[in-house]
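> Got a structure for you, coords29.csv, holding CSV, C-alpha atoms and all ligand atoms.
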chain,number,residue,atom,x,y,z
A,1,MET,CA,-23.4,-29.5,-3.5
A,2,VAL,CA,-20.4,-27.6,-4.8
A,3,TYR,CA,-18.0,-25.4,-2.7
A,4,VAL,CA,-16.6,-22.2,-4.1
A,5,THR,CA,-13.7,-20.3,-2.5
A,6,ARG,CA,-12.6,-16.8,-3.1
A,7,VAL,CA,-9.3,-15.4,-1.8
A,8,GLU,CA,-8.6,-11.8,-0.8
A,9,HIS,CA,-5.6,-10.2,0.9
A,10,PHE,CA,-5.2,-7.3,3.3
A,11,ASN,CA,-2.9,-6.1,6.0
A,12,ALA,CA,-3.7,-4.8,9.4
A,13,ALA,CA,-2.2,-4.1,12.8
A,14,HIS,CA,-3.2,-5.5,16.1
A,15,LYS,CA,-2.1,-6.2,19.7
A,16,LEU,CA,-3.2,-9.1,22.0
A,17,TRP,CA,-3.5,-7.8,25.5
A,18,ASN,CA,-5.6,-8.7,28.5
A,19,PRO,CA,-6.0,-5.6,30.6
A,20,ALA,CA,-6.8,-7.7,33.6
A,21,TRP,CA,-3.3,-9.3,33.6
A,22,SER,CA,0.1,-7.9,34.5
A,23,GLU,CA,2.6,-7.0,31.7
A,24,GLU,CA,4.6,-10.2,32.5
A,25,LYS,CA,1.5,-12.4,32.2
A,26,ASN,CA,0.6,-10.8,28.9
A,27,LYS,CA,4.1,-11.2,27.5
A,28,GLU,CA,4.1,-14.8,28.7
A,29,VAL,CA,0.8,-15.7,27.0
A,30,PHE,CA,0.9,-13.5,23.9
A,31,GLY,CA,4.6,-13.1,23.3
A,32,LYS,CA,5.5,-10.6,20.6
A,33,CYS,CA,1.7,-10.2,19.9
A,34,ALA,CA,1.6,-8.2,23.2
A,35,ASN,CA,4.1,-5.6,22.0
A,36,ALA,CA,2.9,-2.2,23.3
A,37,ASN,CA,2.9,-0.4,20.0
A,38,PHE,CA,1.1,-3.0,17.9
A,39,HIS,CA,2.4,-5.1,15.0
A,40,GLY,CA,1.1,-6.0,11.6
A,41,HIS,CA,0.2,-9.1,9.6
A,42,ASN,CA,-0.4,-9.7,5.9
A,43,TYR,CA,-3.6,-11.6,6.2
A,44,GLU,CA,-5.0,-14.0,3.5
A,45,LEU,CA,-8.8,-14.5,3.7
A,46,HIS,CA,-10.4,-17.5,2.1
A,47,VAL,CA,-14.2,-17.5,2.1
A,48,THR,CA,-16.0,-20.7,1.0
A,49,VAL,CA,-19.7,-20.7,0.0
A,50,LYS,CA,-21.7,-23.8,-1.0
A,51,GLY,CA,-24.8,-24.5,-3.0
A,52,GLU,CA,-26.1,-26.2,-6.1
A,53,VAL,CA,-24.9,-25.3,-9.6
A,54,HIS,CA,-27.4,-22.9,-11.2
A,55,PRO,CA,-28.5,-24.1,-14.7
A,56,ASP,CA,-28.5,-20.6,-16.2
A,57,THR,CA,-24.9,-19.8,-15.3
A,58,GLY,CA,-23.1,-23.0,-14.4
A,59,PHE,CA,-22.1,-21.2,-11.1
A,60,VAL,CA,-22.9,-21.9,-7.5
A,61,PHE,CA,-22.1,-18.3,-6.8
A,62,ASN,CA,-20.6,-15.6,-9.0
A,63,ALA,CA,-17.0,-15.4,-7.8
A,64,LYS,CA,-16.8,-11.8,-8.7
A,65,THR,CA,-19.8,-11.0,-6.6
A,66,LEU,CA,-18.3,-12.9,-3.7
A,67,GLY,CA,-15.1,-10.9,-4.1
A,68,ASP,CA,-17.1,-7.7,-4.2
A,69,ILE,CA,-18.9,-8.6,-1.0
A,70,MET,CA,-15.6,-9.6,0.7
A,71,LYS,CA,-14.1,-6.2,-0.3
A,72,SER,CA,-17.0,-4.0,0.7
A,73,LYS,CA,-17.8,-5.8,4.0
A,74,VAL,CA,-14.4,-6.7,5.2
A,75,VAL,CA,-11.3,-5.7,3.2
A,76,ASP,CA,-12.3,-2.0,2.7
A,77,ILE,CA,-13.0,-1.8,6.5
A,78,VAL,CA,-9.9,-3.5,7.8
A,79,ASP,CA,-7.1,-3.0,5.2
A,80,HIS,CA,-4.3,-0.8,6.6
A,81,CYS,CA,-6.2,-0.4,9.8
A,82,ASN,CA,-5.6,-1.2,13.4
A,83,LEU,CA,-8.0,-4.0,14.5
A,84,ASN,CA,-7.9,-2.9,18.1
A,85,ILE,CA,-9.0,0.7,17.3
A,86,ASP,CA,-10.4,1.2,13.9
A,87,VAL,CA,-12.7,-1.7,13.1
A,88,PRO,CA,-16.3,-1.4,14.4
A,89,PHE,CA,-17.1,-5.1,14.2
A,90,MET,CA,-14.0,-6.0,16.4
A,91,GLU,CA,-14.8,-3.4,19.1
A,92,GLY,CA,-14.5,-4.7,22.6
A,93,LYS,CA,-13.1,-8.1,21.4
A,94,PHE,CA,-9.6,-9.6,21.6
A,95,THR,CA,-8.2,-9.3,18.1
A,96,SER,CA,-7.1,-12.9,17.9
A,97,ALA,CA,-7.4,-14.7,14.5
A,98,GLU,CA,-10.2,-16.8,16.0
A,99,ASN,CA,-12.3,-13.8,17.0
A,100,PHE,CA,-11.4,-12.0,13.7
A,101,ALA,CA,-12.6,-15.0,11.7
A,102,ILE,CA,-15.9,-15.1,13.6
A,103,GLY,CA,-16.3,-11.3,13.1
A,104,ILE,CA,-15.7,-11.7,9.4
A,105,TRP,CA,-18.2,-14.5,9.1
A,106,ASN,CA,-20.9,-12.4,10.8
A,107,GLU,CA,-20.1,-9.5,8.4
A,108,LEU,CA,-20.5,-11.7,5.3
A,109,VAL,CA,-23.3,-14.2,6.1
A,110,ASN,CA,-26.3,-12.0,5.3
A,111,GLU,CA,-25.0,-10.7,2.0
A,112,VAL,CA,-23.9,-14.2,0.9
A,113,GLU,CA,-27.3,-15.8,1.8
A,114,LYS,CA,-29.2,-12.9,0.1
A,115,ASN,CA,-27.3,-13.8,-3.1
A,116,GLY,CA,-28.5,-17.4,-3.0
A,117,ALA,CA,-25.7,-19.5,-1.4
A,118,LYS,CA,-24.8,-20.8,2.1
A,119,MET,CA,-21.6,-19.8,4.0
A,120,HIS,CA,-19.4,-22.8,4.6
A,121,CYS,CA,-16.0,-21.6,5.9
A,122,VAL,CA,-14.0,-18.5,6.7
A,123,LYS,CA,-10.3,-19.4,6.7
A,124,LEU,CA,-8.1,-16.7,7.9
A,125,ILE,CA,-4.3,-17.1,7.4
A,126,GLU,CA,-2.5,-14.8,9.8
A,127,THR,CA,1.1,-16.0,9.2
A,128,GLN,CA,2.7,-18.7,7.1
A,129,ARG,CA,2.4,-21.0,10.0
A,130,ILE,CA,-0.9,-20.1,11.6
A,131,TYR,CA,-4.4,-20.1,10.3
A,132,VAL,CA,-7.9,-20.5,11.7
A,133,GLU,CA,-11.1,-21.8,10.2
A,134,TYR,CA,-14.7,-21.0,11.3
A,135,PHE,CA,-17.7,-22.9,10.1
A,136,GLY,CA,-20.4,-20.8,11.7
A,137,ASN,CA,-20.7,-22.6,15.1
B,201,NI,NI,-0.3,-10.8,15.8
Step by step, read the file and then write its structure as structure tokens.

Amino acid sequence: MVYVTRVEHFNAAHKLWNPAWSEEKNKEVFGKCANANFHGHNYELHVTVKGEVHPDTGFVFNAKTLGDIMKSKVVDIVDHCNLNIDVPFMEGKFTSAENFAIGIWNELVNEVEKNGAKMHCVKLIETQRIYVEYFGN
């Protein structure tokens, strides 16, 4: 089994806010991420797929195909957008990095598996000091 990772970049705005809480409680829990008028991140997205090396190509998965899938299913949908407002697959969810990584996994998994590999990990880097990883469960 070999693991192949493709990296893509995008930027997007969001706000973390629980409408059931007071403004004070939101600020206490989410800090600057609760700023009323949103804020942005330069996200880095690492998607790792796994499989056996195909004898005809030497590839587990064509890295360009993986990049094309990441772009069409995720980057083109979220880049320069507001995750709280503009992105159908995040509708009704807190736009935390955790939920965003799960949403990205769900957008990619069918296309990746249709092309003959298994999803292994979505790693979403939100800031230089924070990233999350999702392995499908
Ligand atoms: Ni944030």
> Go ahead and compute the interatomic distance for CA of Leu108 in chain A and CA of Val47 in chain A, in Å to one decimal.
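So the two atoms, CA of Leu108 in chain A and CA of Val47 in chain A, lie 9.1 Å apart.
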> Please tabulate, as a Markdown table, the residues of chain A that come within 7 Å of ligand NI 201 (chain B), each with its closest pair of atoms and the distance in Å to one decimal, counting all atoms listed in the file and ordering rows by chain, then residue number upward.

| residue | atom | partner | partner_atom | distance |
| --- | --- | --- | --- | --- |
| A:His14 | CA | B:NI201 | NI | 6.0 |
| A:Lys15 | CA | B:NI201 | NI | 6.3 |
| A:Cys33 | CA | B:NI201 | NI | 4.6 |
| A:His39 | CA | B:NI201 | NI | 6.4 |
| A:Gly40 | CA | B:NI201 | NI | 6.5 |
| A:His41 | CA | B:NI201 | NI | 6.4 |
> Using all atoms listed in the file, which residues of range 6-97 of chain A come within 6 Å of range 123-132 of chain A, and what is the closest atom pair for each, with the distance in Å to one decimal? Give it as JSON lines, sorted by chain and residue number.

{"residue": "A:Tyr43", "atom": "CA", "partner": "A:Glu126", "partner_atom": "CA", "distance": 4.9}
{"residue": "A:Glu44", "atom": "CA", "partner": "A:Ile125", "partner_atom": "CA", "distance": 5.0}
{"residue": "A:Leu45", "atom": "CA", "partner": "A:Leu124", "partner_atom": "CA", "distance": 4.8}
{"residue": "A:His46", "atom": "CA", "partner": "A:Lys123", "partner_atom": "CA", "distance": 5.0}
> With all atoms listed in the file as the basis for distance, which of A:Val74, A:Val60, A:Ala97, A:Ala13 is at the shortest distance from Asn37 in chain A?
A:Ala13
> I'd like the contact shell of Glu23 in chain A - 10 Å cut-off, only C-alpha atoms, skipping same-chain residues fewer than 4 positions apart - returned as a list in words.
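Once the adjacent positions are removed, what remains is Trp17, Asn18, Pro19, Lys27, Glu28, Ala34, Asn35 and Ala36 of chain A.
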> Rank A:Ser96, A:Asn106, A:Asn82, A:Ser22 by their smallest atom-to-atom distance to Val122 in chain A, using all atoms listed in the file, and report the top residue only.
A:Asn106
> Can you tell me how far CA of Lys50 in chain A sits from CA of Thr5 in chain A, in Å to one decimal?
8.9 Å
> Using all atoms listed in the file, which of A:Asp68, A:Ala12, A:Glu107, A:Asn42 sits nearest Asp86 in chain A?
A:Ala12
> Residues near Val112 in chain A, anyone? I mean within 12 Å using all atoms listed in the file, not counting same-chain ones fewer than 6 positions away, as a VMD selection string.
chain A and resid 4 47 to 51 60 to 63 65 to 70 73 105 to 106 118 to 121
> Any idea what the distance is between CA of Gly58 in chain A and CA of Val2 in chain A?
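Going from CA of Gly58 in chain A over to CA of Val2 in chain A, I get 11.0 Å.
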> Could you check which of A:Ala101, A:Phe38, A:Ser72, A:Asn115 is closest to Ile85 in chain A, using only C-alpha atoms?
A:Phe38
> Could you tell me which of A:Val7, A:Leu83, A:Val29, A:Met1 comes closest to Lys64 in chain A if we count all atoms listed in the file?
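Ranked by minimum distance to Lys64 in chain A, first place goes to A:Val7.
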> With all atoms listed in the file as the atoms that count, which of A:Gly31, A:Gly116, A:Phe59, A:Asp76 lies nearest to Phe10 in chain A?
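Under the stated criterion, the closest residue is A:Asp76.
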